[in-house]
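Colleague: One file is attached below, structure-v1.cif, containing mmCIF, C-alpha atoms.
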data_final
loop_
_atom_site.label_atom_id
_atom_site.label_comp_id
_atom_site.auth_asym_id
_atom_site.auth_seq_id
_atom_site.Cartn_x
_atom_site.Cartn_y
_atom_site.Cartn_z
CA MET W 1 0.00 0.00 0.00
CA LEU W 2 2.77 2.44 0.91
CA LYS W 3 4.54 1.67 -2.35
CA MET W 4 1.32 2.47 -4.21
CA ILE W 5 0.87 5.71 -2.26
CA SER W 6 4.47 6.85 -2.55
CA LYS W 7 4.61 6.39 -6.34
CA PRO W 8 2.07 9.12 -7.22
CA ALA W 9 3.40 11.30 -4.38
CA VAL W 10 6.91 11.12 -5.83
CA LYS W 11 5.65 11.89 -9.33
CA MET W 12 3.54 14.81 -8.11
CA VAL W 13 6.41 16.35 -6.17
CA GLU W 14 8.88 15.81 -9.01
CA ARG W 15 6.47 17.63 -11.31
CA TYR W 16 5.34 20.51 -9.12
CA LEU W 17 7.90 21.16 -6.38
CA PRO W 18 10.20 23.95 -7.54
CA ASP W 19 13.85 24.39 -6.70
CA PRO W 20 14.29 25.52 -3.06
CA TYR W 21 15.33 28.96 -4.30
CA ILE W 22 11.99 29.34 -6.12
CA PHE W 23 10.27 28.01 -2.99
CA VAL W 24 11.79 30.72 -0.80
CA LEU W 25 10.88 33.43 -3.31
CA LEU W 26 7.25 32.27 -3.32
CA LEU W 27 7.19 32.12 0.49
CA THR W 28 8.51 35.68 0.59
CA LEU W 29 5.65 36.92 -1.60
CA ILE W 30 3.05 34.91 0.36
CA ALA W 31 4.29 36.21 3.71
CA ALA W 32 4.33 39.80 2.45
CA ALA W 33 0.83 39.54 0.94
CA ALA W 34 -0.55 37.95 4.11
CA ALA W 35 0.98 40.66 6.32
CA ILE W 36 -0.70 43.33 4.17
CA ALA W 37 -4.07 41.58 3.84
CA ILE W 38 -4.46 40.05 7.31
CA GLU W 39 -2.46 42.34 9.60
CA ARG W 40 -3.36 45.52 7.70
CA GLN W 41 0.29 46.46 7.38
CA THR W 42 1.20 48.98 4.69
CA PRO W 43 3.39 47.80 1.79
CA LEU W 44 6.09 50.22 2.95
CA ALA W 45 6.05 48.76 6.47
CA VAL W 46 6.32 45.21 5.13
CA LEU W 47 9.14 46.26 2.83
CA ARG W 48 10.99 47.71 5.81
CA PHE W 49 10.40 44.57 7.93
CA TRP W 50 11.81 42.46 5.13
CA GLY W 51 14.81 44.65 4.34
CA ASP W 52 15.76 45.28 7.97
CA GLY W 53 15.61 41.57 8.77
CA PHE W 54 17.23 40.29 5.59
CA TRP W 55 20.67 39.87 7.16
CA GLY W 56 19.42 38.70 10.53
CA LEU W 57 20.64 35.13 10.02
CA LEU W 58 24.18 35.87 8.88
CA THR W 59 25.74 34.15 11.89
CA PHE W 60 23.42 31.19 11.51
CA SER W 61 24.06 31.04 7.76
CA MET W 62 27.80 30.75 8.38
CA GLN W 63 27.18 28.11 11.02
CA MET W 64 25.09 26.06 8.59
CA LEU W 65 27.68 26.43 5.85
CA LEU W 66 30.31 25.19 8.30
CA VAL W 67 28.08 22.24 9.26
CA LEU W 68 28.20 21.20 5.62
CA VAL W 69 31.88 21.96 5.01
CA THR W 70 33.41 20.66 8.24
CA GLY W 71 31.15 17.61 8.27
CA PHE W 72 32.13 16.77 4.71
CA MET W 73 35.84 17.20 5.47
CA LEU W 74 35.57 14.97 8.53
CA ALA W 75 33.63 12.25 6.74
CA SER W 76 36.02 12.31 3.78
CA SER W 77 39.06 11.72 6.00
CA PRO W 78 40.59 8.25 5.54
CA PRO W 79 39.72 6.85 9.02
CA VAL W 80 36.07 7.96 8.87
CA LYS W 81 35.68 6.74 5.30
CA ARG W 82 36.94 3.32 6.36
CA LEU W 83 34.47 3.30 9.26
CA LEU W 84 31.55 4.24 7.01
CA GLN W 85 32.62 1.62 4.48
CA ARG W 86 32.79 -1.04 7.19
CA LEU W 87 29.33 -0.14 8.46
CA ALA W 88 27.90 0.10 4.94
CA SER W 89 29.24 -3.37 4.10
CA THR W 90 26.77 -4.85 6.61
CA ALA W 91 23.89 -3.96 4.26
CA LYS W 92 23.38 -6.90 1.91
CA SER W 93 20.18 -5.82 0.14
CA PRO W 94 18.39 -2.65 -1.00
CA GLY W 95 15.89 -2.98 1.84
CA GLY W 96 18.68 -3.45 4.35
CA ALA W 97 20.43 -0.34 3.06
CA ILE W 98 17.26 1.74 3.47
CA ILE W 99 16.71 0.58 7.04
CA LEU W 100 20.37 0.99 7.99
CA VAL W 101 20.73 4.55 6.68
CA THR W 102 17.48 5.55 8.40
CA LEU W 103 18.58 4.17 11.77
CA VAL W 104 21.99 5.84 11.51
CA SER W 105 20.36 9.17 10.64
CA LEU W 106 17.78 8.88 13.43
CA THR W 107 20.46 8.13 16.01
CA ALA W 108 22.82 10.88 14.85
CA SER W 109 19.99 13.45 14.61
CA TRP W 110 18.74 12.63 18.12
CA ILE W 111 22.26 13.33 19.39
CA ASN W 112 22.73 16.53 17.39
CA TRP W 113 20.85 17.85 14.39
CA GLY W 114 23.90 19.14 12.48
CA PHE W 115 25.70 15.86 13.02
CA GLY W 116 22.65 13.95 11.80
CA LEU W 117 22.28 15.92 8.58
CA VAL W 118 25.88 15.42 7.50
CA VAL W 119 26.39 11.84 8.68
CA GLY W 120 23.12 10.66 7.14
CA ALA W 121 23.91 12.12 3.72
CA LEU W 122 27.50 10.88 3.63
CA PHE W 123 26.49 7.42 4.81
CA ALA W 124 23.85 7.29 2.06
CA LYS W 125 26.55 7.99 -0.53
CA GLU W 126 28.70 5.23 0.93
CA LEU W 127 25.82 2.75 0.80
CA ALA W 128 25.08 3.71 -2.80
CA ARG W 129 28.62 2.66 -3.74
CA LEU W 130 28.05 -0.85 -2.38
CA VAL W 131 24.33 -1.59 -2.82
CA ARG W 132 22.20 -1.09 -5.93
CA VAL W 133 19.24 0.76 -4.47
CA ASP W 134 16.96 3.63 -5.47
CA TYR W 135 19.19 6.62 -4.74
CA ARG W 136 16.31 9.05 -4.25
CA LEU W 137 14.75 6.95 -1.49
CA LEU W 138 18.16 6.28 0.05
CA VAL W 139 18.84 10.01 0.45
CA ALA W 140 15.23 10.68 1.50
CA SER W 141 15.64 8.02 4.19
CA ALA W 142 18.80 9.73 5.41
CA TYR W 143 16.91 13.04 5.63
CA SER W 144 13.77 11.57 7.22
CA GLY W 145 15.71 10.73 10.38
CA PHE W 146 16.12 14.47 10.95
CA VAL W 147 12.51 14.66 12.21
CA VAL W 148 13.53 13.51 15.71
CA TRP W 149 16.10 16.23 16.33
CA HIS W 150 13.92 18.56 18.39
CA GLY W 151 12.95 15.72 20.70
CA GLY W 152 16.62 14.89 21.25
CA LEU W 153 19.67 16.01 23.17
CA ALA W 154 20.22 19.18 21.13
CA GLY W 155 16.59 20.33 20.91
CA SER W 156 16.70 24.13 21.10
CA ILE W 157 13.34 24.64 22.84
CA PRO W 158 13.83 22.13 25.71
CA LEU W 159 17.39 23.35 26.18
CA THR W 160 16.22 26.98 26.18
CA ILE W 161 13.61 26.52 28.92
CA ALA W 162 16.12 24.51 30.95
CA THR W 163 18.60 27.42 30.92
CA GLU W 164 18.82 29.95 33.72
CA GLY W 165 17.56 33.38 32.71
CA HIS W 166 15.67 32.37 29.55
CA PHE W 167 13.20 34.98 28.33
CA ALA W 168 10.12 33.21 29.76
CA ALA W 169 11.71 32.30 33.10
CA ASP W 170 9.61 34.80 35.05
CA ASP W 171 6.42 33.09 33.82
CA ILE W 172 7.28 29.39 33.83
CA GLY W 173 10.55 29.15 35.75
CA ILE W 174 13.21 26.62 34.78
CA ILE W 175 11.90 23.37 33.28
CA GLY W 176 14.56 20.65 33.29
CA THR W 177 15.04 18.15 30.49
CA GLY W 178 13.60 15.45 32.75
CA SER W 179 10.19 16.99 32.05
CA THR W 180 10.79 17.47 28.32
CA VAL W 181 13.44 15.47 26.47
CA PHE W 182 13.43 12.61 28.97
CA ALA W 183 9.73 12.69 29.82
CA PHE W 184 7.83 9.46 29.16
CA PHE W 185 5.60 10.95 26.45
CA ASN W 186 8.61 12.31 24.54
CA LEU W 187 10.65 9.12 24.80
CA ALA W 188 7.58 7.15 23.69
CA ILE W 189 7.24 9.36 20.59
CA VAL W 190 10.94 8.95 19.79
CA ALA W 191 10.72 5.16 20.23
CA CYS W 192 7.69 4.93 17.93
CA LEU W 193 9.44 7.00 15.27
CA PHE W 194 12.57 4.83 15.51
CA ILE W 195 10.34 1.89 14.62
CA SER W 196 7.96 3.46 12.10
CA ILE W 197 10.27 5.65 10.00
CA PRO W 198 12.68 2.86 8.93
CA LEU W 199 9.72 0.53 8.31
CA VAL W 200 7.83 3.07 6.19
CA ASN W 201 10.96 3.90 4.19
CA ARG W 202 11.52 0.18 3.55
CA LEU W 203 7.92 -0.31 2.42
CA MET W 204 8.22 2.59 -0.04
CA LEU W 205 11.13 0.92 -1.88
CA PRO W 206 10.18 1.09 -5.59
CA ASP W 207 10.19 -1.89 -7.90
CA GLU W 208 13.22 -2.40 -10.13
CA LYS W 209 11.52 -0.79 -13.13
CA ASP W 210 10.59 2.34 -11.16
CA SER W 211 13.88 2.74 -9.31
CA VAL W 212 16.40 5.45 -10.09
CA TYR W 213 20.03 4.46 -9.59
CA VAL W 214 23.10 6.64 -9.35
CA ASP W 215 26.23 6.15 -11.40
CA THR W 216 28.74 5.10 -8.74
CA LYS W 217 31.50 6.80 -10.74
CA LEU W 218 29.88 10.12 -9.84
CA LEU W 219 30.20 9.25 -6.15
CA ASP W 220 33.88 8.41 -6.28
CA ASP W 221 36.29 10.96 -4.89
CA GLU W 222 38.80 12.40 -7.29
CA PRO W 223 42.10 10.55 -6.99
CA GLU W 224 44.81 12.40 -5.16
CA THR W 225 47.67 13.54 -7.34
CA LYS W 226 50.96 13.59 -5.56
CA GLY W 227 53.91 15.06 -7.38
CA ARG W 228 57.44 15.54 -6.27
CA ILE W 229 57.79 18.14 -3.52
CA THR W 230 60.30 20.74 -4.64
CA ARG W 231 59.28 24.04 -3.02
CA PRO W 232 59.54 24.87 0.70
CA ALA W 233 55.88 25.96 0.62
CA GLU W 234 54.89 22.48 -0.59
CA LYS W 235 56.72 20.95 2.34
CA LEU W 236 54.55 23.00 4.69
CA GLU W 237 51.40 22.04 2.78
CA ASN W 238 52.28 18.37 3.17
CA SER W 239 53.52 18.58 6.75
CA THR W 240 51.80 16.26 9.21
CA SER W 241 53.59 17.97 12.08
CA LEU W 242 52.14 21.37 11.20
CA ALA W 243 48.60 19.99 11.01
CA TRP W 244 48.89 18.18 14.32
CA LEU W 245 50.51 21.14 16.11
CA VAL W 246 47.28 23.04 15.47
CA GLY W 247 44.75 20.20 15.39
CA ILE W 248 45.67 18.50 18.68
CA PRO W 249 45.43 21.73 20.76
CA GLY W 250 41.97 22.24 19.26
CA LEU W 251 40.90 18.80 20.53
CA LEU W 252 42.47 19.55 23.92
CA PHE W 253 40.35 22.68 24.12
CA LEU W 254 37.24 20.54 23.55
CA ALA W 255 38.37 18.12 26.27
CA ASP W 256 38.66 21.06 28.64
CA HIS W 257 35.23 22.33 27.49
CA PHE W 258 33.45 19.05 28.20
CA LEU W 259 35.41 17.47 31.06
CA LEU W 260 36.69 20.34 33.18
CA ARG W 261 34.20 23.11 32.51
CA GLY W 262 31.12 20.90 32.02
CA GLY W 263 30.20 22.54 28.73
CA GLY W 264 27.47 21.21 26.47
CA LEU W 265 26.85 20.74 22.77
CA ASN W 266 25.80 23.60 20.56
CA LEU W 267 26.28 24.36 16.90
CA ASN W 268 29.60 26.14 17.38
CA VAL W 269 31.00 23.28 19.45
CA VAL W 270 29.92 20.72 16.85
CA ASN W 271 31.57 22.71 14.05
CA PHE W 272 34.72 23.13 16.14
CA LEU W 273 34.80 19.38 16.79
CA PHE W 274 34.27 18.50 13.13
CA LEU W 275 36.95 20.95 11.97
CA PHE W 276 39.74 19.92 14.32
CA LEU W 277 39.03 16.22 13.96
CA ALA W 278 39.25 16.73 10.19
CA ILE W 279 42.57 18.61 10.57
CA VAL W 280 44.05 15.73 12.57
CA LEU W 281 42.60 12.88 10.53
CA HIS W 282 43.53 14.31 7.14
CA ARG W 283 47.13 14.44 8.43
CA THR W 284 48.33 17.21 6.08
CA PRO W 285 47.02 20.70 5.25
CA ARG W 286 47.02 19.81 1.55
CA ASN W 287 44.70 16.84 2.04
CA LEU W 288 42.35 19.01 4.10
CA LEU W 289 42.32 21.76 1.47
CA ASN W 290 41.57 19.25 -1.29
CA SER W 291 38.59 18.05 0.74
CA LEU W 292 37.50 21.64 1.38
CA GLN W 293 37.46 22.43 -2.35
CA GLU W 294 35.10 19.51 -2.88
CA ALA W 295 32.91 20.37 0.12
CA ILE W 296 32.38 24.04 -0.70
CA LYS W 297 30.73 23.25 -4.04
CA GLY W 298 27.50 22.35 -2.30
CA GLY W 299 27.20 25.50 -0.21
CA ALA W 300 25.71 27.84 -2.81
CA GLY W 301 22.11 27.15 -1.80
CA ILE W 302 22.80 28.00 1.83
CA VAL W 303 24.58 31.24 0.98
CA ILE W 304 21.83 32.62 -1.26
CA GLN W 305 18.68 31.31 0.45
CA PHE W 306 19.20 31.87 4.16
CA PRO W 307 19.02 35.69 3.92
CA PHE W 308 15.60 35.33 2.27
CA TYR W 309 14.40 33.17 5.15
CA ALA W 310 15.65 35.81 7.57
CA GLY W 311 13.52 38.34 5.69
CA ILE W 312 10.47 36.07 5.87
CA MET W 313 10.98 35.58 9.61
CA ALA W 314 11.14 39.34 10.08
CA ILE W 315 7.88 39.84 8.18
CA MET W 316 6.13 37.11 10.18
CA VAL W 317 7.32 38.38 13.56
CA GLU W 318 7.25 42.15 13.11
CA SER W 319 3.88 42.26 11.36
CA GLY W 320 2.24 40.07 14.02
CA LEU W 321 1.29 37.46 11.42
CA ALA W 322 2.94 34.55 13.24
CA GLN W 323 1.22 35.48 16.49
CA SER W 324 -2.16 35.82 14.78
CA MET W 325 -1.82 32.39 13.17
CA SER W 326 -0.97 30.81 16.51
CA GLU W 327 -3.77 32.60 18.35
CA TRP W 328 -6.35 31.52 15.78
CA LEU W 329 -5.28 27.89 15.89
CA ILE W 330 -5.48 27.68 19.68
CA SER W 331 -8.65 29.76 20.02
CA PHE W 332 -10.81 26.62 19.96
CA ALA W 333 -8.45 24.40 22.00
CA THR W 334 -9.17 22.69 25.33
CA GLU W 335 -6.80 21.49 28.03
CA THR W 336 -6.67 18.09 26.31
CA SER W 337 -6.42 19.29 22.71
CA LEU W 338 -4.03 22.22 23.26
CA PRO W 339 -0.87 20.08 22.71
CA PHE W 340 -2.29 18.92 19.37
CA TRP W 341 -3.18 22.41 18.16
CA SER W 342 0.14 23.75 19.40
CA PHE W 343 1.84 21.05 17.33
CA ILE W 344 -0.19 21.89 14.20
CA SER W 345 0.33 25.64 14.56
CA ALA W 346 4.07 25.15 15.05
CA GLY W 347 4.19 22.99 11.94
CA ILE W 348 2.56 25.71 9.87
CA VAL W 349 4.66 28.53 11.33
CA ASN W 350 7.78 26.44 10.67
CA LEU W 351 7.19 26.67 6.93
CA PHE W 352 7.82 30.41 7.21
CA VAL W 353 10.09 30.54 10.28
CA PRO W 354 12.35 27.46 9.92
CA SER W 355 14.32 28.05 13.09
CA GLY W 356 13.59 26.28 16.37
CA GLY W 357 14.86 29.04 18.62
CA GLY W 358 13.31 31.78 16.50
CA GLN W 359 10.00 29.96 16.37
CA TRP W 360 9.86 29.58 20.15
CA ALA W 361 10.45 33.31 20.52
CA VAL W 362 7.44 33.88 18.23
CA GLN W 363 5.06 31.30 19.70
CA ALA W 364 5.93 31.21 23.39
CA PRO W 365 4.12 34.52 24.18
CA VAL W 366 0.95 32.95 22.73
CA MET W 367 1.25 29.32 23.83
CA LEU W 368 2.33 29.83 27.44
CA PRO W 369 -0.56 32.09 28.53
CA ALA W 370 -2.98 29.74 26.75
CA ALA W 371 -1.53 26.75 28.58
CA GLU W 372 -1.77 28.57 31.92
CA ALA W 373 -5.35 29.69 31.25
CA LEU W 374 -6.48 26.17 30.32
CA GLY W 375 -4.41 24.42 33.00
CA ALA W 376 -2.40 22.48 30.41
CA ASP W 377 1.03 20.96 31.05
CA ILE W 378 3.60 23.65 30.16
CA SER W 379 6.39 21.18 29.38
CA ARG W 380 4.11 19.21 27.04
CA ILE W 381 3.09 22.39 25.23
CA ALA W 382 6.72 23.39 24.81
CA MET W 383 7.53 19.97 23.34
CA ALA W 384 4.47 20.19 21.08
CA VAL W 385 5.93 23.36 19.57
CA ALA W 386 9.31 21.64 19.32
CA TRP W 387 7.86 18.62 17.51
CA GLY W 388 5.81 20.85 15.19
CA ASP W 389 8.98 22.73 14.28
CA ALA W 390 10.74 19.45 13.44
CA TRP W 391 7.77 17.78 11.74
CA THR W 392 7.22 20.03 8.71
CA ASN W 393 10.92 19.98 7.91
CA LEU W 394 9.86 16.92 5.93
CA LEU W 395 8.12 19.36 3.58
CA GLN W 396 10.24 22.50 4.01
CA PRO W 397 13.45 22.15 1.89
CA PHE W 398 15.36 24.68 4.03
CA TRP W 399 17.05 22.05 6.21
CA ALA W 400 17.49 19.60 3.34
CA LEU W 401 20.00 21.87 1.60
CA PRO W 402 23.13 20.39 3.25
CA VAL W 403 21.89 16.85 2.56
CA LEU W 404 21.06 17.62 -1.06
CA ALA W 405 24.38 19.37 -1.57
CA ILE W 406 26.32 16.37 -0.29
CA ALA W 407 24.21 13.83 -2.17
CA GLY W 408 24.10 15.78 -5.43
CA LEU W 409 20.29 15.71 -5.72
CA LYS W 410 17.51 18.29 -5.90
CA ALA W 411 14.63 18.76 -3.46
CA LYS W 412 12.10 17.34 -5.91
CA ASP W 413 14.02 14.04 -5.95
CA ILE W 414 13.39 13.23 -2.27
CA MET W 415 10.38 15.26 -1.11
CA GLY W 416 7.79 12.85 -2.54
CA PHE W 417 8.97 10.15 -0.14
CA CYS W 418 9.21 12.71 2.67
CA LEU W 419 5.60 13.76 2.00
CA VAL W 420 4.41 10.25 2.86
CA GLN W 421 6.48 10.34 6.03
CA LEU W 422 4.98 13.75 6.86
CA PHE W 423 1.48 12.30 7.25
CA ILE W 424 2.56 9.16 9.10
CA THR W 425 4.91 10.86 11.54
CA GLY W 426 2.34 13.63 12.08
CA ALA W 427 -0.22 11.06 13.20
CA ILE W 428 2.26 9.35 15.55
CA ILE W 429 3.46 12.58 17.13
CA SER W 430 -0.10 13.88 17.56
CA VAL W 431 -1.21 10.72 19.36
CA GLY W 432 1.91 10.79 21.52
CA LEU W 433 1.40 14.41 22.57
CA VAL W 434 -2.26 13.90 23.48
CA TRP W 435 -2.45 10.35 24.82
CA PHE W 436 1.00 9.20 26.05
#
Do you think you could lay out the structure here as structure tokens?

Modeller:
Amino acid sequence: MLKMISKPAVKMVERYLPDPYIFVLLLTLIAAAAAIAIERQTPLAVLRFWGDGFWGLLTFSMQMLLVLVTGFMLASSPPVKRLLQRLASTAKSPGGAIILVTLVSLTASWINWGFGLVVGALFAKELARLVRVDYRLLVASAYSGFVVWHGGLAGSIPLTIATEGHFAADDIGIIGTGSTVFAFFNLAIVACLFISIPLVNRLMLPDEKDSVYVDTKLLDDEPETKGRITRPAEKLENSTSLAWLVGIPGLLFLADHFLLRGGGLNLNVVNFLFLFLAIVLHRTPRNLLNSLQEAIKGGAGIVIQFPFYAGIMAIMVESGLAQSMSEWLISFATETSLPFWSFISAGIVNLFVPSGGGQWAVQAPVMLPAAEALGADISRIAMAVAWGDAWTNLLQPFWALPVLAIAGLKAKDIMGFCLVQLFITGAIISVGLVWF
């Protein structure tokens, strides 16, 4: 049945889903029109919101670009490549490859979302070298595991409300991760998704005649060309000592961060870890630079699209549109149904504000008073927003950009399969938030 459903979904998405750049342009126009029509903002005001906020994600854009680049450099280092090859060799069939890449992506994404995006995509490429399997579904399976990130260790909303001095602390106090990430209802949702997502991906595996395979030659890394070293500069470029004199202190800094200072994971720490591990494992600066030249090719989409999303976020927040959408969706909620409607509203807002932390800043002033007025569980409402933010990433190509860049595919190639997962995971998460 899932194979029958996924086939028209894939064809529909391949036909009608535009390139992510076109998608963000359309979202910009929709957000602007809605701010004018619904919030009664003047065109000049909307133009100012958009222009003033256009560069609001510059730091985040660089972080995302580094997720792609440093993750690629780490995964392309000889030790990591051998590890991925060893793990990929355990898959003996197309179905086994689909299940394996999904489980690896789910696990990595639950630990850290940036780690999950990069590892899943690179592992999919490694599997494609060894197993003849539909490449679109393989990469879609790697991306589908990303849906659990906001219910995991690096979820921005549960970590925010567990931090001293967060912006809503005066209203709700500090809510530890024992009531959010490690609460029974959240762990139950994660467990169900760990079972259902690999199974659904496996059941969507197309027949041989409908499958699309990748030319493995396109996945092979370019062979290294080593000539005779004649210049002093070349000796530095090929110096293991120089790389390790910088790389090892970087790793020692991380040891101090985690072990002595009790620091946690965030995006900067993950990028720092990826970079200095790559410096050490590539052994020479030249090898690292060769890997960098290959990695940077896929970063164009991030560079050009993220400023547009910053502009959309500014329109949604400054015009009041995001707040109005949230208020309308919860206006007919009860104590029991509020987690569900919080989840749905977060999923819709996420299409326009694809940032967990930014979305919580938008929705918390609406959701928290509603939860208090209805007597609903604050921690459950917070996690409902978190899961809604993660859920519609299966439809929103914003977060798929690093995966697509690494895999060499376009959004239309994988989003048909993700659309099927959108409905199934949405049902599971909704039940978990209301009944678990």

Colleague: Apply the PyMOL selection byres ((chain W and resi 199-206) around 6) to the displayed file and report the matching residues as JSON, numbers by chain.

Modeller: {"W": [2, 3, 95, 98, 196, 197, 198, 207, 210, 211]}

Colleague: Considering all atoms listed in the file, return as a ChimeraX atom specification whatever protein or nucleic-acid residues lie within 8 Å of Ala97 (chain W), sequence-local ones (same chain, fewer than 2 positions apart) excluded.

Modeller: /W:88,91-95,99-101,127,131,133,138

Colleague: Nearest residue to Ala390 (chain W) out of W:Val148, W:Ala364, W:Leu236, W:Ala371, using only C-alpha atoms?

Modeller: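 Smallest distance to Ala390 (chain W) is found for W:Val148.
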
Colleague: Return the single residue from W:Tyr213, W:Tyr135, W:Trp387, W:Phe436 that is closest to Pro158 (chain W), with distances computed using all atoms listed in the file.

Modeller: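 Closest residue, counting all atoms listed in the file: W:Trp387.
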
Colleague: From the set W:Ala310, W:Thr336, W:Leu219, W:Gln421, which residue has the shortest atom-to-atom contact distance to Gly56 (chain W), counting all atoms listed in the file?

Modeller: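 Once distances to Gly56 (chain W) are computed over all atoms listed in the file, the minimum belongs to W:Ala310.
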
Colleague: For Ala124 (chain W), which residue among W:Gly408, W:Gly264, W:Ile428, W:Met383 is the nearest when counting all atoms listed in the file?

Modeller: W:Gly408
